[in-house]
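To start, the structure under review is shown below, and the notes come after it.
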Amino acid sequence: MERLDKVLANLGYGSRKDVKKIIKSGAVEVDNVIVKDNNMQIDPYKSIVKVDGEEISYKKYIYLMMNKPDGVISATFDDYEKTVIDLLGEEHKAFEPFPVGRLDKDTVGLLLLTNDGDLNHRLISPKWHVDKIYYAKINAPLNEEDVKAFEEGIVLDDGYKCMPGKLEIIKSDENESEVKVTIQEGKYHQVKRMFESLEKKVVYLKRLTFGGLNLDENLDEGRYRELTDMEISFLKNICKMN
Ligand code: URA
């Protein structure tokens, strides 16, 4: 249940103060009864709300960008572990979003969540060559041979040959290196397993970019925001959904 003034403010009818005035003026009906109490609790998905006689519709799809923190799993429900859905406010949980692909429990960074099954399906399909860019710290030095191995396609422990990936070495010394990795697939533990094939270990992994959308730097870990209309169109465009 939500407060009537909050529902209308969320739908863009102005600030809470503006909305209060609209309600007090008698322009708002809930289930065909004029309501002048802005504190009224309504179920925005079930109640029929009209403003100036026009029925308002709550949107069907939601698209969120989260900066996933460490220690939280990319699932919708789990008996024991905290999930990314547990980090959402009730107003967003109500849409029943799910993560687009998965990040490991200890991976941080950009995670998209939506309830738009068609877009989700396309974004995780390798068919559309959606780039994912990761920043990683590795427990060993790296060199041009490793860059070439990524270009040629790393063979994972189960024999699967990855599509060509891009490895950019940001920094490398005898103990550790920092890299950017661009891949288009999303196999289970893919980045970690790619480095394991080179006998190296990923000690920190953060996703920076998904399909050309960069992680919003203003989002602290554990925070999220809705995508803008432009960002949604951009994502739909890259997988030819428009
Ligand atoms: N690759 C991984 O190994 N883990 C992730 O979370 C994402 C990509």
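Residue names in the structure tokens use chain letters A, B, ... in the order shown, residue numbers from 1 in each chain, and ligand numbers from 1 in the order shown.
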Identify, counting only C-alpha atoms and all ligand atoms, the protein, DNA and RNA residues located within 12 Å of ligand 1, and give them as a compact mmCIF listing (two decimals) with all heavy atoms, in the first residue's frame.
# COMPACT_ATOMS: atom_id res chain seq x y z
N LYS A 68 26.18 -3.10 -7.62
CA LYS A 68 26.06 -4.26 -6.73
C LYS A 68 27.22 -4.29 -5.74
O LYS A 68 28.38 -4.18 -6.12
CB LYS A 68 26.05 -5.55 -7.56
CG LYS A 68 25.93 -6.80 -6.72
CD LYS A 68 26.28 -8.04 -7.52
CE LYS A 68 26.49 -9.25 -6.62
NZ LYS A 68 27.63 -9.13 -5.72
N PRO A 69 26.90 -4.48 -4.45
CA PRO A 69 27.98 -4.59 -3.47
C PRO A 69 28.48 -6.03 -3.33
O PRO A 69 27.82 -6.97 -3.81
CB PRO A 69 27.29 -4.14 -2.17
CG PRO A 69 25.86 -4.54 -2.35
CD PRO A 69 25.56 -4.51 -3.82
N ASP A 70 29.58 -6.18 -2.67
CA ASP A 70 30.15 -7.49 -2.34
C ASP A 70 29.20 -8.21 -1.36
O ASP A 70 28.52 -7.55 -0.55
CB ASP A 70 31.51 -7.22 -1.67
CG ASP A 70 32.27 -8.50 -1.36
OD1 ASP A 70 31.89 -9.57 -1.86
OD2 ASP A 70 33.26 -8.41 -0.62
N GLY A 71 29.13 -9.54 -1.43
CA GLY A 71 28.41 -10.30 -0.40
C GLY A 71 26.92 -10.47 -0.65
O GLY A 71 26.21 -10.98 0.21
N VAL A 72 26.45 -10.05 -1.81
CA VAL A 72 25.02 -10.15 -2.12
C VAL A 72 24.88 -10.96 -3.42
O VAL A 72 25.67 -10.77 -4.34
CB VAL A 72 24.46 -8.71 -2.32
CG1 VAL A 72 23.05 -8.74 -2.83
CG2 VAL A 72 24.54 -7.94 -1.02
N ILE A 73 23.91 -11.85 -3.47
CA ILE A 73 23.82 -12.70 -4.66
C ILE A 73 22.83 -12.14 -5.70
O ILE A 73 21.85 -11.47 -5.34
CB ILE A 73 23.50 -14.18 -4.32
CG1 ILE A 73 22.13 -14.33 -3.67
CG2 ILE A 73 24.58 -14.78 -3.42
CD1 ILE A 73 21.66 -15.78 -3.60
N SER A 74 23.13 -12.46 -6.97
CA SER A 74 22.29 -11.97 -8.09
C SER A 74 21.15 -12.95 -8.32
O SER A 74 21.13 -13.67 -9.32
CB SER A 74 23.10 -11.88 -9.38
OG SER A 74 24.21 -11.08 -9.23
N VAL A 100 19.60 -8.93 -14.83
CA VAL A 100 19.93 -9.27 -16.23
C VAL A 100 21.31 -9.95 -16.19
O VAL A 100 22.32 -9.29 -16.01
CB VAL A 100 19.98 -7.99 -17.10
CG1 VAL A 100 20.39 -8.33 -18.53
CG2 VAL A 100 18.63 -7.28 -17.07
N GLY A 101 21.32 -11.26 -16.30
CA GLY A 101 22.56 -12.01 -16.14
C GLY A 101 22.95 -12.01 -14.66
O GLY A 101 22.18 -11.56 -13.80
N ARG A 102 24.15 -12.52 -14.40
CA ARG A 102 24.55 -12.64 -13.00
C ARG A 102 25.92 -12.06 -12.75
O ARG A 102 26.78 -12.14 -13.62
CB ARG A 102 24.63 -14.13 -12.62
CG ARG A 102 23.31 -14.71 -12.27
CD ARG A 102 23.39 -16.22 -12.22
NE ARG A 102 22.05 -16.74 -12.00
CZ ARG A 102 21.58 -17.08 -10.80
NH1 ARG A 102 22.33 -16.99 -9.73
NH2 ARG A 102 20.35 -17.52 -10.68
N LEU A 103 26.09 -11.52 -11.58
CA LEU A 103 27.44 -11.22 -11.09
C LEU A 103 27.66 -12.15 -9.89
O LEU A 103 26.72 -12.41 -9.13
CB LEU A 103 27.56 -9.76 -10.65
CG LEU A 103 27.52 -8.70 -11.75
CD1 LEU A 103 27.62 -7.30 -11.15
CD2 LEU A 103 28.63 -8.91 -12.77
N ASP A 104 28.89 -12.61 -9.72
CA ASP A 104 29.19 -13.48 -8.58
C ASP A 104 28.95 -12.72 -7.27
O ASP A 104 28.97 -11.49 -7.25
CB ASP A 104 30.65 -13.94 -8.61
CG ASP A 104 30.95 -14.78 -9.84
OD1 ASP A 104 30.01 -15.38 -10.39
OD2 ASP A 104 32.13 -14.81 -10.24
N LYS A 105 28.84 -13.49 -6.19
CA LYS A 105 28.59 -12.88 -4.88
C LYS A 105 29.66 -11.84 -4.53
O LYS A 105 29.37 -10.79 -3.96
CB LYS A 105 28.57 -14.00 -3.83
CG LYS A 105 28.17 -13.57 -2.46
CD LYS A 105 28.06 -14.78 -1.55
CE LYS A 105 27.93 -14.34 -0.11
NZ LYS A 105 27.98 -15.47 0.82
N ASP A 106 30.91 -12.12 -4.91
CA ASP A 106 32.00 -11.18 -4.55
C ASP A 106 32.33 -10.19 -5.67
O ASP A 106 33.28 -9.43 -5.56
CB ASP A 106 33.26 -11.95 -4.13
CG ASP A 106 33.82 -12.83 -5.23
OD1 ASP A 106 33.18 -12.93 -6.31
OD2 ASP A 106 34.89 -13.42 -5.03
N THR A 107 31.57 -10.20 -6.76
CA THR A 107 31.79 -9.20 -7.82
C THR A 107 30.93 -7.98 -7.53
O THR A 107 29.79 -8.11 -7.10
CB THR A 107 31.41 -9.79 -9.20
OG1 THR A 107 32.21 -10.95 -9.44
CG2 THR A 107 31.64 -8.80 -10.33
N VAL A 108 31.50 -6.81 -7.77
CA VAL A 108 30.76 -5.56 -7.52
C VAL A 108 30.51 -4.87 -8.87
O VAL A 108 31.05 -5.27 -9.89
CB VAL A 108 31.53 -4.62 -6.56
CG1 VAL A 108 31.74 -5.29 -5.21
CG2 VAL A 108 32.87 -4.18 -7.15
N GLY A 109 29.69 -3.83 -8.83
CA GLY A 109 29.53 -2.99 -10.02
C GLY A 109 28.20 -3.12 -10.72
O GLY A 109 27.20 -3.56 -10.13
N LEU A 110 28.21 -2.75 -11.98
CA LEU A 110 26.98 -2.54 -12.75
C LEU A 110 26.14 -3.80 -12.95
O LEU A 110 26.58 -4.75 -13.59
CB LEU A 110 27.34 -1.94 -14.11
CG LEU A 110 26.22 -1.72 -15.12
CD1 LEU A 110 25.06 -0.97 -14.52
CD2 LEU A 110 26.75 -0.98 -16.32
N LEU A 111 24.95 -3.76 -12.39
CA LEU A 111 23.99 -4.84 -12.60
C LEU A 111 22.67 -4.19 -13.01
O LEU A 111 22.19 -3.28 -12.35
CB LEU A 111 23.79 -5.63 -11.30
CG LEU A 111 22.84 -6.83 -11.42
CD1 LEU A 111 23.44 -7.94 -12.29
CD2 LEU A 111 22.51 -7.40 -10.04
N ASP A 131 28.70 -5.75 -25.30
CA ASP A 131 29.98 -5.68 -24.58
C ASP A 131 29.76 -5.52 -23.08
O ASP A 131 28.91 -4.75 -22.65
CB ASP A 131 30.77 -4.44 -25.03
CG ASP A 131 31.61 -4.72 -26.27
OD1 ASP A 131 31.77 -5.90 -26.63
OD2 ASP A 131 32.11 -3.74 -26.85
N LYS A 132 30.57 -6.27 -22.33
CA LYS A 132 30.61 -6.06 -20.87
C LYS A 132 32.05 -5.75 -20.54
O LYS A 132 32.95 -6.49 -20.95
CB LYS A 132 30.19 -7.33 -20.13
CG LYS A 132 28.74 -7.65 -20.27
CD LYS A 132 28.52 -9.10 -20.53
CE LYS A 132 27.18 -9.32 -21.16
NZ LYS A 132 27.14 -10.51 -21.98
N ILE A 133 32.28 -4.66 -19.84
CA ILE A 133 33.66 -4.30 -19.49
C ILE A 133 33.84 -4.40 -17.98
O ILE A 133 33.02 -3.90 -17.21
CB ILE A 133 34.01 -2.87 -19.98
CG1 ILE A 133 33.71 -2.76 -21.49
CG2 ILE A 133 35.47 -2.54 -19.69
CD1 ILE A 133 34.02 -1.40 -22.10
N TYR A 134 34.91 -5.10 -17.61
CA TYR A 134 35.22 -5.31 -16.19
C TYR A 134 36.57 -4.70 -15.86
O TYR A 134 37.49 -4.70 -16.68
CB TYR A 134 35.32 -6.82 -15.89
CG TYR A 134 34.02 -7.56 -16.07
CD1 TYR A 134 33.65 -8.05 -17.32
CD2 TYR A 134 33.17 -7.78 -15.00
CE1 TYR A 134 32.46 -8.74 -17.50
CE2 TYR A 134 31.97 -8.47 -15.16
CZ TYR A 134 31.62 -8.94 -16.41
OH TYR A 134 30.45 -9.62 -16.58
N TYR A 135 36.68 -4.22 -14.63
CA TYR A 135 37.97 -3.84 -14.08
C TYR A 135 38.35 -4.98 -13.13
O TYR A 135 37.51 -5.45 -12.35
CB TYR A 135 37.83 -2.51 -13.30
CG TYR A 135 38.98 -2.24 -12.39
CD1 TYR A 135 40.15 -1.63 -12.89
CD2 TYR A 135 38.94 -2.59 -11.04
CE1 TYR A 135 41.23 -1.40 -12.05
CE2 TYR A 135 40.01 -2.36 -10.21
CZ TYR A 135 41.15 -1.77 -10.72
OH TYR A 135 42.22 -1.55 -9.89
N ALA A 136 39.61 -5.44 -13.24
CA ALA A 136 40.00 -6.56 -12.36
C ALA A 136 41.40 -6.35 -11.82
O ALA A 136 42.25 -5.73 -12.45
CB ALA A 136 39.93 -7.87 -13.15
N LEU A 156 38.54 -22.48 -21.77
CA LEU A 156 38.24 -22.66 -20.34
C LEU A 156 38.50 -24.10 -19.89
O LEU A 156 38.72 -24.99 -20.72
CB LEU A 156 36.78 -22.28 -20.06
CG LEU A 156 36.37 -20.84 -20.39
CD1 LEU A 156 34.91 -20.61 -20.05
CD2 LEU A 156 37.25 -19.83 -19.63
N VAL A 181 38.90 -5.74 -18.89
CA VAL A 181 38.58 -6.90 -19.74
C VAL A 181 37.25 -6.63 -20.43
O VAL A 181 36.28 -6.26 -19.76
CB VAL A 181 38.44 -8.18 -18.89
CG1 VAL A 181 38.03 -9.36 -19.75
CG2 VAL A 181 39.72 -8.49 -18.14
N THR A 182 37.21 -6.80 -21.75
CA THR A 182 35.94 -6.65 -22.48
C THR A 182 35.55 -8.01 -23.05
O THR A 182 36.33 -8.61 -23.80
CB THR A 182 36.09 -5.64 -23.64
OG1 THR A 182 36.62 -4.43 -23.12
CG2 THR A 182 34.75 -5.36 -24.30
N ILE A 183 34.37 -8.47 -22.68
CA ILE A 183 33.87 -9.73 -23.25
C ILE A 183 32.41 -9.54 -23.69
O ILE A 183 31.75 -8.58 -23.26
CB ILE A 183 33.97 -10.93 -22.26
CG1 ILE A 183 33.25 -10.62 -20.94
CG2 ILE A 183 35.40 -11.32 -22.03
CD1 ILE A 183 33.14 -11.82 -20.02
N GLN A 184 31.95 -10.45 -24.51
CA GLN A 184 30.57 -10.35 -24.99
C GLN A 184 29.70 -11.50 -24.50
O GLN A 184 28.50 -11.50 -24.71
CB GLN A 184 30.56 -10.30 -26.52
CG GLN A 184 31.19 -9.01 -27.02
CD GLN A 184 31.39 -8.98 -28.50
OE1 GLN A 184 31.39 -10.02 -29.15
NE2 GLN A 184 31.60 -7.80 -29.04
N GLU A 185 30.34 -12.48 -23.88
CA GLU A 185 29.56 -13.62 -23.38
C GLU A 185 29.36 -13.47 -21.87
O GLU A 185 29.90 -12.55 -21.27
CB GLU A 185 30.33 -14.92 -23.64
CG GLU A 185 30.59 -15.20 -25.09
CD GLU A 185 31.67 -16.23 -25.24
OE1 GLU A 185 32.84 -15.91 -24.97
OE2 GLU A 185 31.35 -17.34 -25.64
N GLY A 186 28.64 -14.39 -21.31
CA GLY A 186 28.44 -14.34 -19.86
C GLY A 186 28.39 -15.74 -19.29
O GLY A 186 27.45 -16.11 -18.61
N LYS A 187 29.45 -16.52 -19.59
CA LYS A 187 29.50 -17.90 -19.03
C LYS A 187 29.73 -17.80 -17.53
O LYS A 187 30.30 -16.82 -17.03
CB LYS A 187 30.66 -18.68 -19.66
CG LYS A 187 30.56 -18.80 -21.14
CD LYS A 187 29.91 -20.10 -21.54
CE LYS A 187 29.60 -20.09 -23.01
NZ LYS A 187 28.19 -20.24 -23.33
N TYR A 188 29.35 -18.87 -16.87
CA TYR A 188 29.50 -18.95 -15.41
C TYR A 188 30.95 -18.63 -15.00
O TYR A 188 31.88 -19.26 -15.50
CB TYR A 188 29.10 -20.37 -15.00
CG TYR A 188 29.09 -20.64 -13.54
CD1 TYR A 188 28.22 -19.95 -12.70
CD2 TYR A 188 29.93 -21.60 -12.99
CE1 TYR A 188 28.20 -20.23 -11.35
CE2 TYR A 188 29.91 -21.88 -11.64
CZ TYR A 188 29.05 -21.18 -10.82
OH TYR A 188 29.03 -21.45 -9.48
N HIS A 189 31.14 -17.66 -14.11
CA HIS A 189 32.48 -17.26 -13.63
C HIS A 189 33.45 -16.97 -14.77
O HIS A 189 34.64 -17.29 -14.67
CB HIS A 189 33.12 -18.36 -12.78
CG HIS A 189 32.41 -18.65 -11.49
ND1 HIS A 189 31.74 -17.69 -10.76
CD2 HIS A 189 32.30 -19.80 -10.78
CE1 HIS A 189 31.23 -18.27 -9.68
NE2 HIS A 189 31.55 -19.53 -9.66
N GLN A 190 32.96 -16.41 -15.87
CA GLN A 190 33.79 -16.37 -17.08
C GLN A 190 35.13 -15.66 -16.90
O GLN A 190 36.17 -16.20 -17.28
CB GLN A 190 33.02 -15.71 -18.24
CG GLN A 190 33.89 -15.71 -19.50
CD GLN A 190 33.08 -15.65 -20.75
OE1 GLN A 190 31.87 -15.84 -20.74
NE2 GLN A 190 33.74 -15.39 -21.86
N VAL A 191 35.12 -14.45 -16.36
CA VAL A 191 36.38 -13.70 -16.26
C VAL A 191 37.36 -14.44 -15.36
O VAL A 191 38.54 -14.61 -15.70
CB VAL A 191 36.13 -12.26 -15.77
CG1 VAL A 191 37.44 -11.52 -15.57
CG2 VAL A 191 35.24 -11.50 -16.76
N LYS A 192 36.87 -14.92 -14.24
CA LYS A 192 37.75 -15.64 -13.30
C LYS A 192 38.33 -16.88 -13.96
O LYS A 192 39.52 -17.18 -13.82
CB LYS A 192 36.97 -16.04 -12.04
CG LYS A 192 36.60 -14.83 -11.18
CD LYS A 192 35.73 -15.26 -10.01
CE LYS A 192 35.26 -14.05 -9.23
NZ LYS A 192 34.17 -14.38 -8.32
N ARG A 193 37.50 -17.57 -14.72
CA ARG A 193 37.98 -18.80 -15.36
C ARG A 193 38.94 -18.50 -16.51
O ARG A 193 39.84 -19.29 -16.80
CB ARG A 193 36.79 -19.64 -15.84
CG ARG A 193 36.07 -20.30 -14.67
CD ARG A 193 34.72 -20.80 -15.06
NE ARG A 193 34.77 -21.94 -15.96
CZ ARG A 193 33.80 -22.22 -16.85
NH1 ARG A 193 32.74 -21.45 -16.94
NH2 ARG A 193 33.91 -23.28 -17.61
N MET A 194 38.75 -17.36 -17.17
CA MET A 194 39.68 -17.00 -18.25
C MET A 194 41.09 -16.80 -17.67
O MET A 194 42.08 -17.27 -18.22
CB MET A 194 39.21 -15.72 -18.96
CG MET A 194 37.99 -15.95 -19.85
SD MET A 194 37.26 -14.39 -20.39
CE MET A 194 37.80 -14.32 -22.08
N PHE A 195 41.15 -16.13 -16.52
CA PHE A 195 42.48 -15.93 -15.90
C PHE A 195 43.02 -17.23 -15.31
O PHE A 195 44.22 -17.46 -15.33
CB PHE A 195 42.43 -14.81 -14.86
CG PHE A 195 42.44 -13.45 -15.51
CD1 PHE A 195 41.26 -12.74 -15.68
CD2 PHE A 195 43.63 -12.91 -16.00
CE1 PHE A 195 41.26 -11.50 -16.32
CE2 PHE A 195 43.64 -11.67 -16.64
CZ PHE A 195 42.45 -10.96 -16.81
N GLU A 196 42.11 -18.08 -14.80
CA GLU A 196 42.57 -19.38 -14.29
C GLU A 196 43.25 -20.18 -15.40
O GLU A 196 44.25 -20.86 -15.17
CB GLU A 196 41.41 -20.20 -13.72
CG GLU A 196 41.19 -19.93 -12.24
CD GLU A 196 39.83 -20.40 -11.76
OE1 GLU A 196 39.26 -21.34 -12.35
OE2 GLU A 196 39.32 -19.79 -10.78
N LYS A 201 44.99 -15.57 -10.83
CA LYS A 201 43.76 -15.49 -10.05
C LYS A 201 43.23 -14.06 -10.00
O LYS A 201 43.99 -13.12 -9.77
CB LYS A 201 44.07 -15.98 -8.62
CG LYS A 201 42.86 -16.24 -7.77
CD LYS A 201 43.29 -16.97 -6.51
CE LYS A 201 42.34 -16.97 -5.38
NZ LYS A 201 40.96 -16.87 -5.49
N VAL A 202 41.90 -13.93 -10.21
CA VAL A 202 41.25 -12.62 -10.06
C VAL A 202 41.03 -12.40 -8.56
O VAL A 202 40.42 -13.22 -7.89
CB VAL A 202 39.89 -12.61 -10.79
CG1 VAL A 202 39.12 -11.33 -10.48
CG2 VAL A 202 40.08 -12.77 -12.29
N VAL A 203 41.54 -11.28 -8.03
CA VAL A 203 41.34 -11.01 -6.60
C VAL A 203 40.30 -9.92 -6.35
O VAL A 203 39.84 -9.74 -5.23
CB VAL A 203 42.68 -10.69 -5.87
CG1 VAL A 203 43.58 -11.90 -5.84
CG2 VAL A 203 43.39 -9.51 -6.52
N TYR A 204 39.94 -9.20 -7.40
CA TYR A 204 38.89 -8.17 -7.28
C TYR A 204 38.26 -8.01 -8.65
O TYR A 204 38.98 -7.95 -9.66
CB TYR A 204 39.52 -6.84 -6.83
CG TYR A 204 38.54 -5.69 -6.77
CD1 TYR A 204 37.74 -5.48 -5.65
CD2 TYR A 204 38.43 -4.79 -7.84
CE1 TYR A 204 36.83 -4.41 -5.60
CE2 TYR A 204 37.54 -3.72 -7.79
CZ TYR A 204 36.75 -3.55 -6.67
OH TYR A 204 35.86 -2.50 -6.62
N LEU A 205 36.95 -7.96 -8.70
CA LEU A 205 36.27 -7.83 -10.00
C LEU A 205 35.10 -6.86 -9.89
O LEU A 205 34.25 -6.98 -9.00
CB LEU A 205 35.77 -9.21 -10.45
CG LEU A 205 35.25 -9.33 -11.88
CD1 LEU A 205 36.31 -8.96 -12.91
CD2 LEU A 205 34.75 -10.76 -12.16
N LYS A 206 35.10 -5.90 -10.82
CA LYS A 206 34.02 -4.90 -10.83
C LYS A 206 33.55 -4.71 -12.26
O LYS A 206 34.37 -4.49 -13.16
CB LYS A 206 34.56 -3.57 -10.29
CG LYS A 206 33.58 -2.43 -10.35
CD LYS A 206 34.13 -1.18 -9.71
CE LYS A 206 33.09 -0.08 -9.66
NZ LYS A 206 33.51 1.06 -8.90
N ARG A 207 32.24 -4.77 -12.50
CA ARG A 207 31.74 -4.50 -13.85
C ARG A 207 31.51 -3.00 -13.99
O ARG A 207 30.83 -2.39 -13.16
CB ARG A 207 30.46 -5.27 -14.14
CG ARG A 207 30.02 -5.03 -15.59
CD ARG A 207 29.23 -6.15 -16.17
NE ARG A 207 27.95 -6.28 -15.50
CZ ARG A 207 27.15 -7.34 -15.63
NH1 ARG A 207 27.52 -8.36 -16.38
NH2 ARG A 207 26.00 -7.40 -15.01
N LEU A 208 32.10 -2.46 -15.07
CA LEU A 208 32.04 -1.01 -15.30
C LEU A 208 30.97 -0.65 -16.32
O LEU A 208 30.37 0.41 -16.25
CB LEU A 208 33.39 -0.51 -15.84
CG LEU A 208 34.63 -0.82 -15.00
CD1 LEU A 208 35.88 -0.39 -15.75
CD2 LEU A 208 34.55 -0.11 -13.66
N THR A 209 30.79 -1.53 -17.31
CA THR A 209 29.94 -1.19 -18.47
C THR A 209 29.13 -2.40 -18.90
O THR A 209 29.61 -3.53 -18.84
CB THR A 209 30.86 -0.77 -19.65
OG1 THR A 209 31.69 0.29 -19.23
CG2 THR A 209 30.08 -0.32 -20.85
N PHE A 210 27.92 -2.14 -19.33
CA PHE A 210 27.08 -3.21 -19.89
C PHE A 210 26.39 -2.63 -21.11
O PHE A 210 25.62 -1.67 -20.99
CB PHE A 210 26.04 -3.66 -18.86
CG PHE A 210 25.30 -4.90 -19.23
CD1 PHE A 210 25.48 -6.08 -18.54
CD2 PHE A 210 24.40 -4.90 -20.31
CE1 PHE A 210 24.80 -7.24 -18.88
CE2 PHE A 210 23.72 -6.05 -20.66
CZ PHE A 210 23.91 -7.21 -19.94
Can you list, as an NGL selection string, all residues belonging to range 34-127 of chain A that DSSP tags as helix (DSSP H, G or I)?
:A and (84-87 or 90-93 or 117-124 or 126-127)
Do a neighbour search on range 21-29 of chain A at 8 Å with only C-alpha atoms, toss out local chain neighbours closer than 4 positions, and write the hits as a ChimeraX atom specification.
/A:5,17,33-38,48-53
Restricting the calculation to only C-alpha atoms, which member of A:Lys82, A:Arg16, A:Arg3, A:His92 is positioned closest to Tyr224 in chain A?
A:His92
Residue with smallest distance to Glu168 in chain A - pool A:Asn143, A:Asn32, A:Asn10, A:Thr76, counting only C-alpha atoms
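Selected residue with least distance to Glu168 in chain A: A:Asn143.
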Show me, as number ranges by chain, the residues that have an atom within 7 Å of range 56-66 of chain A when counting only C-alpha atoms, minus same-chain residues fewer than 4 positions from it.
A: 45, 49-50, 95, 110-116, 222-227
Please produce a file of the residues just selected, as a compact mmCIF listing (two decimals), in the first residue's frame, where the atoms kept are N, CA, C and O atoms.
# COMPACT_ATOMS: atom_id res chain seq x y z
N TYR A 45 -1.65 -0.64 -7.86
CA TYR A 45 -1.84 -1.61 -8.94
C TYR A 45 -3.28 -2.09 -9.03
O TYR A 45 -3.69 -2.67 -10.02
N VAL A 49 -7.34 4.98 -10.13
CA VAL A 49 -7.12 6.38 -9.72
C VAL A 49 -7.33 7.26 -10.95
O VAL A 49 -6.81 6.97 -12.03
N LYS A 50 -8.14 8.32 -10.75
CA LYS A 50 -8.36 9.26 -11.86
C LYS A 50 -7.97 10.66 -11.40
O LYS A 50 -8.25 11.04 -10.26
N PHE A 95 7.35 -4.31 -8.78
CA PHE A 95 7.39 -4.65 -10.22
C PHE A 95 7.95 -6.05 -10.48
O PHE A 95 8.00 -6.50 -11.62
N LEU A 110 28.21 -2.75 -11.98
CA LEU A 110 26.98 -2.54 -12.75
C LEU A 110 26.14 -3.80 -12.95
O LEU A 110 26.58 -4.75 -13.59
N LEU A 111 24.95 -3.76 -12.39
CA LEU A 111 23.99 -4.84 -12.60
C LEU A 111 22.67 -4.19 -13.01
O LEU A 111 22.19 -3.28 -12.35
N LEU A 112 22.13 -4.66 -14.14
CA LEU A 112 20.82 -4.16 -14.57
C LEU A 112 19.76 -5.09 -14.01
O LEU A 112 19.97 -6.30 -13.91
N LEU A 113 18.63 -4.51 -13.67
CA LEU A 113 17.48 -5.31 -13.21
C LEU A 113 16.26 -4.82 -13.97
O LEU A 113 16.10 -3.61 -14.18
N THR A 114 15.43 -5.74 -14.39
CA THR A 114 14.21 -5.37 -15.10
C THR A 114 13.17 -6.46 -14.95
O THR A 114 13.50 -7.58 -14.54
N ASN A 115 11.93 -6.13 -15.30
CA ASN A 115 10.90 -7.17 -15.41
C ASN A 115 10.50 -7.33 -16.88
O ASN A 115 9.48 -7.95 -17.19
N ASP A 116 11.30 -6.77 -17.78
CA ASP A 116 11.06 -6.86 -19.22
C ASP A 116 11.81 -8.10 -19.74
O ASP A 116 13.00 -8.05 -20.03
N GLY A 222 25.64 -0.74 -3.47
CA GLY A 222 24.38 -1.06 -2.79
C GLY A 222 23.25 -0.13 -3.19
O GLY A 222 22.11 -0.35 -2.83
N ARG A 223 23.56 0.93 -3.96
CA ARG A 223 22.52 1.88 -4.37
C ARG A 223 22.12 1.60 -5.82
O ARG A 223 22.89 1.00 -6.58
N TYR A 224 20.99 2.11 -6.21
CA TYR A 224 20.50 1.88 -7.57
C TYR A 224 19.65 3.06 -7.99
O TYR A 224 19.25 3.89 -7.15
N ARG A 225 19.37 3.14 -9.29
CA ARG A 225 18.44 4.16 -9.78
C ARG A 225 17.73 3.61 -11.02
O ARG A 225 18.19 2.63 -11.61
N GLU A 226 16.62 4.27 -11.38
CA GLU A 226 15.94 3.86 -12.62
C GLU A 226 16.74 4.36 -13.80
O GLU A 226 17.39 5.42 -13.73
N LEU A 227 16.72 3.62 -14.90
CA LEU A 227 17.36 4.11 -16.13
C LEU A 227 16.52 5.25 -16.70
O LEU A 227 15.29 5.27 -16.54
Return as an NGL selection string the full set of residues in range 80-225 of chain A whose backbone-based DSSP assignment is strand (DSSP E or B).
:A and (83 or 98-99 or 108-114 or 132-138 or 155 or 161 or 166-172 or 177-183 or 202-210 or 213-214 or 224-225)
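Separating CA of Lys6 in chain A from CA of Lys46 in chain A is a distance of 15.7 Å.
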Extract, using only C-alpha atoms, all DNA, RNA and protein residues at most 8 Å from Ile170 in chain A, discarding same-chain residues fewer than 6 positions from it, and format them as a list of chain:residue names.
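Here the qualifying residues turn out to be A:Ser177, A:Glu178, A:Val179, A:Lys180.
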Report as a PyMOL selection string all protein, DNA and RNA residues lying within 12 Å of Lys240 in chain A, evaluated on only C-alpha atoms, omitting residues in the same chain fewer than 3 positions from it.
chain A and resi 118-119+122-123+127-130+233-237
Same residues, N, CA and C atoms, saved as a compact mmCIF listing (two decimals), in the first residue's frame:
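Writing done, so here's result.txt:
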# COMPACT_ATOMS: atom_id res chain seq x y z
N ASP A 118 11.70 -9.80 -22.49
CA ASP A 118 12.20 -9.79 -23.86
C ASP A 118 13.57 -9.09 -23.91
N LEU A 119 13.66 -7.93 -23.29
CA LEU A 119 14.93 -7.20 -23.29
C LEU A 119 16.00 -8.01 -22.54
N ARG A 122 17.38 -10.77 -24.74
CA ARG A 122 18.27 -10.29 -25.81
C ARG A 122 19.61 -9.82 -25.24
N LEU A 123 19.56 -9.15 -24.10
CA LEU A 123 20.80 -8.60 -23.55
C LEU A 123 21.77 -9.70 -23.12
N LYS A 127 24.29 -13.41 -29.23
CA LYS A 127 23.96 -13.06 -30.60
C LYS A 127 24.12 -11.57 -30.89
N TRP A 128 23.80 -10.73 -29.90
CA TRP A 128 23.81 -9.28 -30.13
C TRP A 128 25.14 -8.63 -29.79
N HIS A 129 26.12 -9.44 -29.39
CA HIS A 129 27.47 -8.93 -29.09
C HIS A 129 27.45 -7.76 -28.12
N VAL A 130 26.72 -7.93 -27.05
CA VAL A 130 26.66 -6.85 -26.05
C VAL A 130 27.96 -6.87 -25.23
N SER A 233 16.15 3.34 -24.34
CA SER A 233 16.12 3.26 -25.82
C SER A 233 17.48 2.79 -26.33
N PHE A 234 18.53 3.28 -25.71
CA PHE A 234 19.88 2.91 -26.11
C PHE A 234 20.07 1.39 -26.00
N LEU A 235 19.65 0.83 -24.87
CA LEU A 235 19.78 -0.62 -24.67
C LEU A 235 18.94 -1.39 -25.68
N LYS A 236 17.71 -0.88 -25.90
CA LYS A 236 16.81 -1.58 -26.84
C LYS A 236 17.40 -1.53 -28.25
N ASN A 237 18.04 -0.41 -28.58
CA ASN A 237 18.63 -0.25 -29.90
C ASN A 237 19.76 -1.23 -30.17
Leaving out Val155 in chain A and any residue of its chain fewer than 4 positions from it, which residues lie within 8 Å of it when counting only C-alpha atoms, given as JSON, numbers by chain?
{"A": [159, 160, 161, 162, 194, 197]}
Mind pulling up the distance from CA of Asn67 in chain A to CA of Ile85 in chain A?
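CA of Asn67 in chain A lies at a distance of 12.5 Å from CA of Ile85 in chain A.
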Would you mind reading off the distance between CA of Met230 in chain A and CA of Glu2 in chain A, one decimal, in Å?
28.0 Å
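Checking A:Ala140, A:Ile154, A:Ala149, A:Leu213 one by one against Glu176 in chain A, counting only C-alpha atoms, you find the shortest gap at A:Ala140.
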